[in-house]
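Heads up, run.cif below (mmCIF, C-alpha atoms):
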data_model
loop_
_atom_site.label_atom_id
_atom_site.label_comp_id
_atom_site.auth_asym_id
_atom_site.auth_seq_id
_atom_site.Cartn_x
_atom_site.Cartn_y
_atom_site.Cartn_z
CA MET A 20 -10.94 -14.05 -29.66
CA SER A 21 -12.22 -11.73 -26.93
CA ILE A 22 -10.96 -11.94 -23.35
CA ALA A 23 -14.38 -13.13 -22.20
CA SER A 24 -14.29 -15.93 -24.80
CA GLN A 25 -10.79 -16.94 -23.74
CA ALA A 26 -11.91 -17.05 -20.12
CA GLU A 27 -14.92 -19.20 -20.98
CA GLN A 28 -12.72 -21.58 -22.97
CA ILE A 29 -10.39 -22.01 -19.98
CA LEU A 30 -13.16 -22.49 -17.44
CA ASP A 31 -15.06 -24.93 -19.68
CA ARG A 32 -11.97 -27.10 -19.73
CA VAL A 33 -11.74 -26.89 -15.93
CA ARG A 34 -15.37 -27.97 -15.58
CA ALA A 35 -14.83 -30.82 -18.05
CA ALA A 36 -12.07 -32.12 -15.79
CA GLY A 37 -14.50 -32.28 -12.86
CA ALA A 38 -12.85 -29.35 -11.11
CA GLU A 39 -13.81 -25.85 -10.10
CA GLY A 40 -11.68 -22.79 -10.57
CA ASP A 41 -11.21 -19.08 -10.94
CA LEU A 42 -9.18 -17.10 -13.40
CA ILE A 43 -7.41 -13.77 -13.06
CA ILE A 44 -6.45 -11.89 -16.22
CA ASP A 45 -4.19 -8.89 -15.68
CA GLN A 46 -3.42 -6.39 -18.44
CA GLY A 47 -1.29 -3.30 -18.06
CA GLU A 48 0.51 -0.51 -19.83
CA ALA A 49 3.11 1.78 -18.29
CA LEU A 50 5.32 4.69 -19.26
CA SER A 51 8.37 5.38 -17.07
CA LEU A 52 10.60 8.45 -17.50
CA LYS A 53 13.74 9.51 -15.62
CA ALA A 54 16.07 12.44 -16.12
CA LYS A 55 19.75 12.89 -15.37
CA ASP A 56 21.95 15.96 -15.87
CA GLY A 57 19.36 17.71 -18.00
CA ALA A 58 18.77 14.79 -20.37
CA LEU A 59 16.32 11.92 -20.48
CA GLU A 60 18.03 8.90 -18.91
CA GLU A 61 15.14 6.45 -19.18
CA HIS A 62 12.16 6.22 -21.50
CA LYS A 63 10.55 2.87 -20.93
CA VAL A 64 7.24 1.69 -22.32
CA THR A 65 5.92 -1.67 -21.17
CA SER A 66 2.78 -3.70 -21.66
CA SER A 67 1.77 -7.03 -20.22
CA GLN A 68 -0.95 -9.64 -20.13
CA VAL A 69 -0.99 -12.57 -17.73
CA PHE A 70 -3.52 -15.36 -17.21
CA GLY A 71 -3.49 -16.85 -13.71
CA LEU A 72 -5.60 -19.93 -13.04
CA ARG A 73 -6.51 -21.58 -9.72
CA VAL A 74 -8.22 -24.96 -9.82
CA ILE A 75 -9.59 -27.08 -6.99
CA LYS A 76 -10.23 -30.79 -7.46
CA ASP A 77 -10.74 -33.30 -4.67
CA ASN A 78 -9.94 -30.56 -2.13
CA ARG A 79 -6.51 -30.08 -3.68
CA VAL A 80 -5.48 -26.69 -5.06
CA GLY A 81 -3.30 -26.09 -8.09
CA THR A 82 -2.24 -22.86 -9.78
CA ALA A 83 -0.56 -22.01 -13.07
CA TYR A 84 -0.03 -18.95 -15.24
CA SER A 85 0.58 -18.06 -18.86
CA GLU A 86 1.71 -14.91 -20.61
CA ALA A 87 0.68 -16.34 -23.96
CA ALA A 88 -2.93 -16.18 -25.12
CA ASP A 89 -3.02 -18.62 -28.06
CA GLY A 90 -5.29 -21.63 -27.82
CA GLU A 91 -2.51 -24.16 -27.26
CA SER A 92 -1.06 -22.15 -24.39
CA LEU A 93 -4.43 -21.79 -22.69
CA VAL A 94 -5.01 -25.54 -22.91
CA ALA A 95 -1.56 -26.09 -21.38
CA LEU A 96 -2.44 -23.59 -18.63
CA VAL A 97 -5.40 -25.69 -17.52
CA ASP A 98 -3.49 -28.96 -17.76
CA GLN A 99 -0.61 -27.58 -15.67
CA ALA A 100 -2.91 -26.26 -12.95
CA LEU A 101 -4.69 -29.64 -12.75
CA LEU A 102 -1.37 -31.47 -12.61
CA ASN A 103 -0.14 -29.19 -9.82
CA ALA A 104 -3.36 -29.82 -7.90
CA SER A 105 -2.86 -33.59 -8.12
CA TYR A 106 0.40 -33.24 -6.16
CA ALA A 107 -0.92 -30.78 -3.57
CA ALA A 108 -1.93 -31.55 -0.01
CA VAL A 109 -5.61 -31.60 0.87
CA GLU A 110 -6.97 -28.19 1.92
CA ALA A 111 -10.52 -28.61 3.15
CA HIS A 112 -11.20 -24.90 3.60
CA GLU A 113 -10.16 -23.50 0.20
CA LYS A 114 -13.13 -23.38 -2.17
CA ILE A 115 -14.30 -21.40 -5.16
CA LEU A 116 -17.09 -19.18 -3.86
CA ALA A 117 -20.62 -19.64 -5.21
CA ASN A 118 -20.49 -16.14 -6.63
CA ALA A 119 -22.20 -15.31 -9.92
CA LEU A 120 -22.02 -11.52 -9.52
CA LYS A 121 -21.29 -9.14 -12.38
CA LEU A 122 -19.06 -6.34 -11.01
CA GLU A 123 -17.39 -3.48 -12.89
CA THR A 124 -15.76 -0.21 -11.91
CA GLN A 125 -16.33 3.07 -13.75
CA ASP A 126 -13.48 3.86 -16.15
CA ALA A 127 -14.39 7.54 -16.33
CA GLN A 128 -13.75 7.85 -12.60
CA LEU A 129 -10.80 5.52 -11.97
CA SER A 130 -9.13 5.39 -15.37
CA PRO A 131 -9.90 8.66 -17.16
CA ILE A 132 -8.63 9.25 -20.68
CA ASP A 133 -5.69 11.62 -20.38
CA GLN A 134 -4.99 14.19 -23.07
CA ALA A 135 -1.36 14.85 -22.09
CA THR A 136 1.17 13.82 -24.72
CA VAL A 137 4.34 11.81 -24.15
CA ALA A 138 6.29 14.96 -25.01
CA GLU A 139 4.56 16.81 -22.16
CA LYS A 140 5.43 14.03 -19.73
CA ILE A 141 9.05 14.05 -20.87
CA GLU A 142 9.13 17.81 -20.38
CA LEU A 143 7.78 17.36 -16.86
CA ALA A 144 10.53 14.87 -15.97
CA LEU A 145 13.22 17.21 -17.32
CA THR A 146 11.68 20.22 -15.58
CA ILE A 147 11.56 18.53 -12.18
CA GLU A 148 15.20 17.46 -12.37
CA ALA A 149 16.43 20.81 -13.70
CA ARG A 150 14.56 22.97 -11.18
CA LEU A 151 15.61 20.87 -8.22
CA ALA A 152 19.24 20.65 -9.41
CA ALA A 153 19.34 24.47 -9.69
CA LYS A 154 18.53 24.96 -6.00
CA PRO A 155 21.36 26.14 -3.69
CA MET A 156 23.75 23.41 -2.46
CA VAL A 157 22.03 20.64 -4.43
CA LYS A 158 24.76 18.23 -5.55
CA ASN A 159 22.46 16.21 -7.78
CA VAL A 160 18.99 14.73 -8.09
CA PRO A 161 19.76 11.01 -7.91
CA TYR A 162 16.18 9.77 -7.95
CA ASN A 163 13.43 11.32 -10.02
CA GLY A 164 10.76 10.24 -12.41
CA VAL A 165 7.37 10.53 -14.03
CA GLN A 166 5.23 7.44 -14.45
CA ASP A 167 1.87 6.80 -16.05
CA SER A 168 0.39 3.34 -15.58
CA VAL A 169 -2.96 1.78 -16.39
CA GLY A 170 -3.84 -1.61 -14.98
CA GLU A 171 -6.88 -3.76 -15.63
CA ARG A 172 -7.91 -6.88 -13.75
CA ARG A 173 -10.64 -9.33 -14.68
CA VAL A 174 -11.76 -12.20 -12.46
CA TYR A 175 -13.90 -15.09 -13.73
CA SER A 176 -14.97 -18.32 -12.06
CA THR A 177 -16.70 -21.59 -12.86
CA THR A 178 -19.64 -20.40 -10.73
CA GLY A 179 -20.38 -17.51 -13.10
CA LEU A 180 -18.43 -14.62 -11.56
CA GLU A 181 -17.45 -11.80 -13.89
CA ALA A 182 -15.58 -8.90 -12.29
CA ARG A 183 -13.57 -6.13 -13.94
CA SER A 184 -11.62 -3.19 -12.57
CA LYS A 185 -9.41 -0.68 -14.36
CA ALA A 186 -7.40 2.12 -12.78
CA ARG A 187 -4.91 4.76 -13.83
CA MET A 188 -2.16 6.22 -11.68
CA MET A 189 0.17 9.03 -12.62
CA HIS A 190 2.91 9.98 -10.25
CA CYS A 191 6.09 11.96 -10.11
CA TYR A 192 8.81 11.98 -7.50
CA ALA A 193 12.17 13.58 -6.78
CA TYR A 194 14.97 13.32 -4.22
CA ALA A 195 17.65 15.96 -3.72
CA LEU A 196 21.19 15.32 -2.48
CA ILE A 197 22.52 18.40 -0.69
CA GLU A 198 26.12 18.88 0.44
CA SER A 199 27.45 21.65 2.67
CA GLY A 200 30.94 21.26 4.07
CA ASP A 201 31.15 17.85 5.70
CA LYS A 202 27.36 17.57 5.90
CA ASN A 203 25.12 15.87 3.35
CA ALA A 204 21.51 14.81 3.26
CA MET A 205 19.05 13.27 0.82
CA GLU A 206 15.29 13.54 1.12
CA GLY A 207 12.41 13.55 -1.33
CA ILE A 208 8.69 13.34 -1.90
CA GLY A 209 6.19 12.21 -4.52
CA GLN A 210 2.79 13.08 -5.90
CA ALA A 211 0.01 10.84 -7.23
CA ALA A 212 -2.99 11.68 -9.39
CA ARG A 213 -5.28 10.15 -11.98
CA ARG A 214 -4.77 13.03 -14.43
CA PHE A 215 -1.57 14.66 -15.63
CA VAL A 216 -2.89 18.18 -15.04
CA GLU A 217 -3.30 17.42 -11.34
CA LEU A 218 0.47 17.02 -10.87
CA ASP A 219 2.19 20.12 -9.45
CA PRO A 220 5.93 20.15 -10.25
CA ASP A 221 6.60 23.45 -8.49
CA ARG A 222 5.18 22.16 -5.23
CA LEU A 223 7.04 18.85 -5.63
CA VAL A 224 10.38 20.58 -6.18
CA ASP A 225 9.88 22.98 -3.31
CA GLN A 226 8.89 20.18 -0.92
CA ALA A 227 11.77 17.90 -1.93
CA TYR A 228 14.29 20.71 -1.53
CA GLN A 229 12.92 22.01 1.74
CA ASN A 230 12.75 18.53 3.26
CA THR A 231 16.41 17.98 2.42
CA PHE A 232 17.66 21.44 3.39
CA ASP A 233 15.83 21.39 6.73
CA ILE A 234 17.34 18.06 7.82
CA LEU A 235 20.89 18.83 6.62
CA GLN A 236 22.21 20.08 9.97
CA GLY A 237 20.52 17.31 11.92
CA ALA A 238 22.30 15.82 14.91
CA ALA A 239 21.59 13.25 17.60
CA ILE A 240 19.72 14.21 20.75
CA PRO A 241 20.24 12.84 24.28
CA SER A 242 18.89 9.35 24.89
CA GLY A 243 15.67 9.18 26.83
CA LYS A 244 11.90 8.98 26.66
CA TYR A 245 10.15 11.33 24.25
CA ASP A 246 6.62 11.99 23.09
CA VAL A 247 6.67 11.17 19.37
CA ILE A 248 4.54 12.14 16.36
CA PHE A 249 5.18 10.12 13.18
CA ASP A 250 4.44 12.32 10.17
CA GLU A 251 1.79 11.57 7.52
CA GLU A 252 4.23 9.50 5.42
CA ILE A 253 5.75 7.47 8.26
CA LEU A 254 2.66 6.61 10.32
CA PRO A 255 1.04 4.54 7.51
CA SER A 256 4.37 2.76 6.94
CA LEU A 257 4.56 1.87 10.63
CA PHE A 258 1.05 0.41 10.61
CA ASN A 259 1.87 -1.46 7.40
CA VAL A 260 4.87 -3.17 9.04
CA PHE A 261 2.60 -4.58 11.73
CA SER A 262 -0.49 -5.16 9.54
CA MET A 263 -0.18 -8.90 10.20
CA MET A 264 -2.07 -8.16 13.43
CA PHE A 265 -5.24 -7.92 11.31
CA SER A 266 -4.56 -10.99 9.13
CA GLY A 267 -6.93 -13.93 9.28
CA LYS A 268 -4.34 -15.97 7.39
CA SER A 269 -1.63 -15.41 9.99
CA ALA A 270 -4.23 -16.24 12.63
CA LYS A 271 -5.00 -19.51 10.82
CA ASP A 272 -1.26 -20.22 10.66
CA GLY A 273 -0.97 -19.59 14.41
CA VAL A 274 1.42 -16.62 14.22
CA ASN A 275 -0.92 -13.67 14.72
CA PRO A 276 -0.57 -12.33 18.29
CA MET A 277 -4.14 -10.95 18.05
CA ARG A 278 -5.73 -14.27 17.08
CA ASP A 279 -7.59 -14.74 20.37
CA LYS A 280 -8.18 -11.08 21.24
CA LEU A 281 -11.33 -10.22 19.30
CA GLY A 282 -13.47 -7.96 21.44
CA GLU A 283 -10.59 -7.20 23.81
CA GLU A 284 -8.99 -3.80 24.33
CA ILE A 285 -5.67 -3.76 22.52
CA ALA A 286 -5.21 0.01 22.17
CA ASP A 287 -6.10 3.31 23.76
CA SER A 288 -9.84 3.96 23.65
CA LYS A 289 -9.27 7.02 21.44
CA LEU A 290 -8.12 4.80 18.55
CA THR A 291 -10.52 3.60 15.84
CA VAL A 292 -9.01 2.00 12.72
CA ARG A 293 -10.95 1.08 9.60
CA ASP A 294 -10.30 -0.33 6.15
CA LEU A 295 -12.29 1.72 3.65
CA PRO A 296 -11.88 0.20 0.17
CA LEU A 297 -14.77 2.16 -1.36
CA ASP A 298 -13.27 5.62 -0.76
CA THR A 299 -12.56 6.72 -4.34
CA ASP A 300 -10.24 9.50 -3.16
CA GLY A 301 -7.64 6.85 -2.35
CA PHE A 302 -5.55 4.76 -4.71
CA GLY A 303 -6.32 1.65 -2.68
CA TYR A 304 -9.93 1.79 -3.88
CA ALA A 305 -11.37 -1.66 -4.59
CA LEU A 306 -14.86 -2.66 -5.69
CA PHE A 307 -14.02 -6.34 -5.14
CA ASP A 308 -11.15 -8.44 -3.86
CA ASP A 309 -9.10 -10.93 -5.87
CA GLU A 310 -11.68 -13.66 -5.35
CA GLY A 311 -14.42 -11.39 -6.68
CA THR A 312 -15.99 -10.85 -3.26
CA PRO A 313 -17.47 -7.34 -3.03
CA ALA A 314 -15.27 -5.09 -0.90
CA GLN A 315 -16.81 -3.33 2.08
CA ALA A 316 -15.91 -0.94 4.86
CA LEU A 317 -14.60 -2.83 7.85
CA CYS A 318 -13.87 -1.57 11.36
CA LEU A 319 -10.71 -3.26 12.65
CA ILE A 320 -10.25 -1.47 15.97
CA LYS A 321 -13.20 0.32 17.54
CA GLU A 322 -12.46 2.66 20.42
CA GLY A 323 -9.43 0.58 21.33
CA ALA A 324 -11.04 -2.87 21.03
CA LEU A 325 -10.13 -5.33 18.27
CA SER A 326 -13.36 -5.73 16.33
CA SER A 327 -12.39 -7.80 13.28
CA LEU A 328 -9.67 -9.60 11.38
CA ILE A 329 -9.55 -9.58 7.58
CA HIS A 330 -10.53 -12.78 5.77
CA ASN A 331 -10.58 -14.41 2.39
CA SER A 332 -12.92 -17.34 1.72
CA MET A 333 -10.47 -19.94 3.06
CA THR A 334 -9.64 -18.24 6.36
CA ALA A 335 -13.32 -17.37 6.84
CA SER A 336 -14.23 -21.03 6.40
CA TYR A 337 -11.55 -22.04 8.90
CA PHE A 338 -12.94 -19.67 11.52
CA ASN A 339 -16.57 -20.43 10.62
CA SER A 340 -17.06 -16.87 9.47
CA ALA A 341 -17.60 -14.98 6.19
CA SER A 342 -15.10 -13.42 3.85
CA THR A 343 -14.60 -9.73 4.55
CA GLY A 344 -13.58 -9.07 0.93
CA HIS A 345 -9.84 -9.03 1.63
CA GLY A 346 -8.67 -11.97 -0.48
CA THR A 347 -5.46 -11.36 -2.40
CA ARG A 348 -4.13 -13.37 -5.30
CA GLY A 349 -2.07 -12.52 -8.34
CA PRO A 350 -1.81 -14.48 -11.58
CA ARG A 351 1.43 -16.00 -10.29
CA SER A 352 0.58 -16.32 -6.59
CA THR A 353 -1.60 -18.27 -4.20
CA LEU A 354 -4.46 -17.05 -2.02
CA GLY A 355 -3.69 -14.61 0.81
CA VAL A 356 -5.25 -11.65 2.59
CA GLY A 357 -4.46 -7.95 2.46
CA LEU A 358 -5.77 -4.54 3.45
CA HIS A 359 -7.06 -2.06 0.88
CA GLN A 360 -6.65 1.42 2.40
CA LEU A 361 -6.41 2.12 6.11
CA GLU A 362 -8.12 5.04 7.75
CA ILE A 363 -7.83 6.17 11.36
CA ASP A 364 -10.71 8.21 12.71
CA ALA A 365 -9.93 11.84 13.54
CA GLY A 366 -9.60 12.63 17.22
CA THR A 367 -10.52 15.68 19.24
CA ALA A 368 -7.14 17.32 19.82
CA ASP A 369 -6.60 20.67 18.08
CA ASP A 370 -3.15 21.72 16.86
CA ALA A 371 -2.38 23.69 20.03
CA ALA A 372 -2.96 20.67 22.26
CA LEU A 373 -1.34 18.18 19.89
CA HIS A 374 1.85 20.24 19.67
CA ALA A 375 2.08 21.53 23.23
CA GLY A 376 5.36 21.17 25.11
CA ALA A 377 8.34 19.14 23.90
CA TYR A 378 8.01 16.29 21.41
CA LEU A 379 9.82 14.62 18.52
CA VAL A 380 8.42 14.56 14.98
CA VAL A 381 9.76 11.57 13.04
CA THR A 382 9.93 12.13 9.27
CA ASP A 383 12.03 9.12 8.25
CA LEU A 384 12.57 5.56 9.47
CA THR A 385 15.17 3.09 8.19
CA GLY A 386 15.20 -0.66 8.57
CA LEU A 387 11.41 -0.83 8.64
CA HIS A 388 11.28 -4.57 8.02
CA SER A 389 14.65 -5.79 9.22
CA GLY A 390 14.18 -3.87 12.46
CA ALA A 391 10.71 -5.18 13.29
CA ASN A 392 9.19 -8.40 14.59
CA PRO A 393 5.47 -8.37 13.74
CA ILE A 394 4.79 -11.36 15.99
CA SER A 395 6.24 -9.90 19.18
CA GLY A 396 5.68 -6.26 18.19
CA GLU A 397 9.27 -5.32 19.02
CA PHE A 398 10.97 -2.74 16.78
CA SER A 399 14.18 -0.74 16.54
CA PHE A 400 14.51 1.73 13.67
CA GLY A 401 17.02 4.34 12.64
CA ALA A 402 15.21 7.67 12.55
CA SER A 403 15.42 11.34 11.69
CA GLY A 404 13.08 14.26 12.19
CA TYR A 405 12.75 17.36 14.35
CA LEU A 406 12.79 18.12 18.03
CA CYS A 407 9.93 20.55 18.59
CA ARG A 408 8.39 22.65 21.33
CA ASP A 409 4.95 24.24 21.26
CA GLY A 410 4.62 23.71 17.51
CA VAL A 411 8.02 25.18 16.63
CA ARG A 412 11.00 23.18 15.38
CA VAL A 413 13.88 23.51 17.83
CA GLN A 414 16.44 21.46 15.90
CA PRO A 415 16.71 18.86 13.13
CA VAL A 416 17.55 15.37 14.38
CA ARG A 417 19.52 12.57 12.70
CA GLY A 418 21.47 9.54 13.81
CA ILE A 419 19.00 8.34 16.44
CA THR A 420 17.23 5.05 17.06
CA VAL A 421 13.61 4.72 18.14
CA ALA A 422 12.70 1.44 19.81
CA GLY A 423 9.78 -0.13 21.56
CA ASN A 424 6.86 -2.47 21.10
CA PHE A 425 4.19 -1.49 18.57
CA TYR A 426 1.39 -3.25 20.41
CA GLU A 427 2.31 -1.46 23.63
CA LEU A 428 2.67 1.80 21.70
CA LEU A 429 -1.00 1.57 20.71
CA LYS A 430 -1.86 1.76 24.39
CA ARG A 431 0.26 4.88 24.93
CA ILE A 432 -1.63 7.29 22.70
CA ALA A 433 -1.70 10.68 24.37
CA LEU A 434 -3.61 12.63 21.72
CA ILE A 435 -5.14 12.18 18.26
CA GLY A 436 -5.42 15.19 15.99
CA SER A 437 -8.73 16.47 14.66
CA GLU A 438 -7.63 16.55 11.00
CA GLN A 439 -6.89 13.56 8.74
CA HIS A 440 -4.15 13.52 6.08
CA TRP A 441 -3.52 11.30 3.06
CA ASN A 442 0.04 10.13 2.53
CA TRP A 443 1.39 11.19 -0.87
CA ALA A 444 0.63 7.82 -2.48
CA ARG A 445 -2.95 8.14 -1.19
CA SER A 446 -2.96 4.64 0.28
CA ALA A 447 -3.81 5.64 3.87
CA LYS A 448 -5.68 8.48 5.56
CA MET A 449 -4.73 9.22 9.15
CA PRO A 450 -4.64 12.08 11.66
CA SER A 451 -1.50 12.97 13.60
CA ILE A 452 -1.09 10.80 16.69
CA ARG A 453 1.04 11.75 19.66
CA PHE A 454 2.52 8.69 21.35
CA ALA A 455 3.87 9.05 24.90
CA ASP A 456 7.25 7.98 26.24
CA LEU A 457 8.91 6.29 23.27
CA SER A 458 12.54 5.23 23.85
CA VAL A 459 15.05 7.22 21.79
CA SER A 460 18.78 6.48 21.69
CA GLY A 461 21.05 9.33 20.60
#
Can you give me the file's structure in the form of structure tokens?
Amino acid sequence: MSIASQAEQILDRVRAAGAEGDLIIDQGEALSLKAKDGALEEHKVTSSQVFGLRVIKDNRVGTAYSEAADGESLVALVDQALLNASYAAVEAHEKILANALKLETQDAQLSPIDQATVAEKIELALTIEARLAAKPMVKNVPYNGVQDSVGERRVYSTTGLEARSKARMMHCYAYALIESGDKNAMEGIGQAARRFVELDPDRLVDQAYQNTFDILQGAAIPSGKYDVIFDEEILPSLFNVFSMMFSGKSAKDGVNPMRDKLGEEIADSKLTVRDLPLDTDGFGYALFDDEGTPAQALCLIKEGALSSLIHNSMTASYFNSASTGHGTRGPRSTLGVGLHQLEIDAGTADDAALHAGAYLVVTDLTGLHSGANPISGEFSFGASGYLCRDGVRVQPVRGITVAGNFYELLKRIALIGSEQHWNWARSAKMPSIRFADLSVSG
């Protein structure tokens, strides 16, 4: 029986019970390779298929999932979801959207057929580990790998929705552990691509080694206030920690500090932040969200003013608004909201202005979640990076703590660079931002 036929069988049974519902079917295949001491340590091949059903009956929501696809299991899936709904509290705002769209991504673009063999991918994993391990002072390469994964999601509903998306991601990564006397350091980097030939092991090895070697002699700096630039890997992570500020769900739950600030200035006027799900250069590309709502570009902060929160159908109903195409749901989870891929508009500062005078470049933060309170905005992170002056590194820095309030930090933007950068996972595209007077403890 085809997937479409299985979906129709499930949804027919939902309709027959006097309910409405939507169904997510996830399928995936993945190859994971790791090397150790010149030999292949891990060669894992996995495949999966999961049916995740949400039903709504009498304003009560129930979910259930099944990894089995036989007829008896699919009948049990529907019965379990209906039973779970019967015990749920009433939720007046959660509905199945009246969406009968037919949506499908282009496989040739997002999930191209790759001609590379498994043997070539194994060779790549071994090559990365061997070349990095051969570098001076490298004790070992504790984390490395090559992965090739293909995921496909289908969303169907009792209103006629049929949506399908398939994407491939290949990535490799490596971390070097360097020891010199009583000093040691471990840093790394990754690469992501849709085709094997786009991966560059030489560049990966050189970057991983240089990142580690450069930070090896790092030391604390005097406590005080510093201008800070978070590098292209750390800045997206920092925004991700505080992404609840854009969440319509947290606003509905009463814990979003930005709930009542739409239209108000919450950041420096130089800052414009968008979610751009239709940028195919990023791996957060999405044609539709997990409710099947078409994804769209959305401006979140415009010239410092909060212009929108992100909504699924339920939070939009609660706020008498429309879904922004940011609904999230997995086969095993309930409805939420989430960003696709953040982009910050380029500013006007050239490199000379951005890097003038003394400043601290932060290349690593630890305790990103344990050290942050997204409601208050307060944070305190362990950090490392480089003390710089006029674009030149003066010294590597380790063993420091950066602390402050993220929401206040957004108001202390001194400069925004004129060039945008993807992080290596290609989930966010941002320029360099120089923040003024961040507290640093040595």
Residues matched by the PyMOL selection byres ((chain A and resi 121-130) around 10) as a ChimeraX atom specification:
/A:118-120,131-133,168-171,173-175,179-188,213-214,299-300,302,304-307,311-313
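By all atoms listed in the file, and with residues fewer than 4 positions from Asp309 of chain A along its chain excluded, the set lying at most 9 Å from it is Ile43, Arg172, Val174, Gly344, His345, Gly346, Thr347, Arg348, Gly349 and Leu354 of chain A.
Excluding Tyr84 of chain A and any residue on its chain fewer than 4 positions from it, the residues at most 6 Å away by only C-alpha atoms are A:Phe70, A:Gly71, A:Arg351.
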Using C-alpha atoms, can you write the selected residues to a file as a tab-separated table (two decimals), in the coordinates of the input?
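Okay, again-v7.tsv is ready:
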chain	number	residue	atom	x	y	z
A	70	PHE	CA	-3.52	-15.36	-17.21
A	71	GLY	CA	-3.49	-16.85	-13.71
A	351	ARG	CA	1.43	-16.00	-10.29
When the PyMOL selection byres ((chain A and resi 210) around 6) is applied to the structure above, which residues does it catch, written out as number ranges by chain?
A: 190-191, 209, 211, 443
Take the residues that were just selected and, keeping C-alpha atoms, output them as a PDB file, in the frame of the given file.
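Printed below is again_25.pdb as written:
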ATOM      1  CA  HIS A 190       2.910   9.980 -10.250  1.00  0.00           C
ATOM      2  CA  CYS A 191       6.090  11.960 -10.110  1.00  0.00           C
ATOM      3  CA  GLY A 209       6.190  12.210  -4.520  1.00  0.00           C
ATOM      4  CA  ALA A 211       0.010  10.840  -7.230  1.00  0.00           C
ATOM      5  CA  TRP A 443       1.390  11.190  -0.870  1.00  0.00           C
TER       6      TRP A 443
END
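Within 7 Å of the point (14.9, 5.6, 8.0) in file coordinates, and counting only C-alpha atoms, lie the residues Asp383, Leu384, Thr385, Gly386, Phe400, Gly401, Ala402 and Ser403 of chain A.
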Just so the selection is clear, what residues does the PyMOL selection byres ((chain A and resi 247) around 8) cover here, as a ChimeraX atom specification?
/A:245-246,248-249,378-381,453-457
Suppose we keep C-alpha atoms; can you now write the selection as a PDB file, in the coordinates of the input?
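Saved result, out.pdb, follows:
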ATOM      1  CA  TYR A 245      10.150  11.330  24.250  1.00  0.00           C
ATOM      2  CA  ASP A 246       6.620  11.990  23.090  1.00  0.00           C
ATOM      3  CA  ILE A 248       4.540  12.140  16.360  1.00  0.00           C
ATOM      4  CA  PHE A 249       5.180  10.120  13.180  1.00  0.00           C
ATOM      5  CA  TYR A 378       8.010  16.290  21.410  1.00  0.00           C
ATOM      6  CA  LEU A 379       9.820  14.620  18.520  1.00  0.00           C
ATOM      7  CA  VAL A 380       8.420  14.560  14.980  1.00  0.00           C
ATOM      8  CA  VAL A 381       9.760  11.570  13.040  1.00  0.00           C
ATOM      9  CA  ARG A 453       1.040  11.750  19.660  1.00  0.00           C
ATOM     10  CA  PHE A 454       2.520   8.690  21.350  1.00  0.00           C
ATOM     11  CA  ALA A 455       3.870   9.050  24.900  1.00  0.00           C
ATOM     12  CA  ASP A 456       7.250   7.980  26.240  1.00  0.00           C
ATOM     13  CA  LEU A 457       8.910   6.290  23.270  1.00  0.00           C
TER      14      LEU A 457
END
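What separates atom CA of Pro255 of chain A from atom CA of Met333 of chain A is a distance of 27.4 Å.
For the atom pair formed by atom CA of Phe261 of chain A and atom CA of Ala335 of chain A, the distance is 21.0 Å, given to one decimal.
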Residue among A:Val97, A:His62, A:Ala83, A:Val421 lying closest to Ala26 of chain A, counting all atoms listed in the file
A:Val97
List as a tab-separated table every residue of segment 174-244 of chain A that is in contact with segment 144-167 of chain A, defined as an atom at most 7 Å from one of its atoms (using only C-alpha atoms), together with the nearest atom pair and the distance in Å rounded to one decimal, sorted by chain and then rising number.
residue	atom	partner	partner_atom	distance
A:Met188	CA	A:Asp167	CA	6.0
A:Met189	CA	A:Asp167	CA	4.4
A:His190	CA	A:Gln166	CA	5.4
A:Cys191	CA	A:Val165	CA	4.4
A:Tyr192	CA	A:Asn163	CA	5.3
A:Ala193	CA	A:Asn163	CA	4.1
A:Tyr194	CA	A:Tyr162	CA	5.3
A:Ala195	CA	A:Val160	CA	4.7
A:Leu196	CA	A:Asn159	CA	5.5
A:Ile197	CA	A:Val157	CA	4.4
A:Glu198	CA	A:Met156	CA	5.9
A:Ser199	CA	A:Met156	CA	6.6
A:Pro220	CA	A:Ile147	CA	6.2
A:Val224	CA	A:Leu151	CA	5.6
A:Tyr228	CA	A:Leu151	CA	6.8
Can you list, as a ChimeraX atom specification, every protein, DNA or RNA residue that comes within 12 Å of segment 282-290 of chain A when you count all atoms listed in the file, leaving out same-chain residues fewer than 2 positions away?
/A:264-265,276-280,292-293,318-328,362-368,425-437,449-455
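Atom CA of Leu59 of chain A lies 11.4 Å from atom CA of Ala138 of chain A.
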Residues at most 10 Å from Gly90 of chain A, counting all atoms listed in the file, excluding those fewer than 4 positions away in the same chain, as a VMD selection string?
chain A and resid 20 25 28 to 29 94 to 96
Restrict the selected residues to C-alpha atoms and save them as a compact mmCIF listing (two decimals), in the coordinates of the input.
# COMPACT_ATOMS: atom_id res chain seq x y z
CA MET A 20 -10.94 -14.05 -29.66
CA GLN A 25 -10.79 -16.94 -23.74
CA GLN A 28 -12.72 -21.58 -22.97
CA ILE A 29 -10.39 -22.01 -19.98
CA VAL A 94 -5.01 -25.54 -22.91
CA ALA A 95 -1.56 -26.09 -21.38
CA LEU A 96 -2.44 -23.59 -18.63
Using only C-alpha atoms: which of A:Pro415, A:Gly396, A:Gly81, A:Gly267 has the shortest distance to Val356 of chain A
A:Gly267
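Each of A:Glu110, A:Glu86, A:Asp298, A:Asp221 was checked against Leu361 of chain A using only C-alpha atoms; the smallest atom-to-atom distance is that of A:Asp298.
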Identify which of the residues A:Ile75, A:Leu42, A:Ala58, A:Cys407 lies closest to Tyr106 of chain A, counting all atoms listed in the file when measuring atom-to-atom distances.
A:Ile75
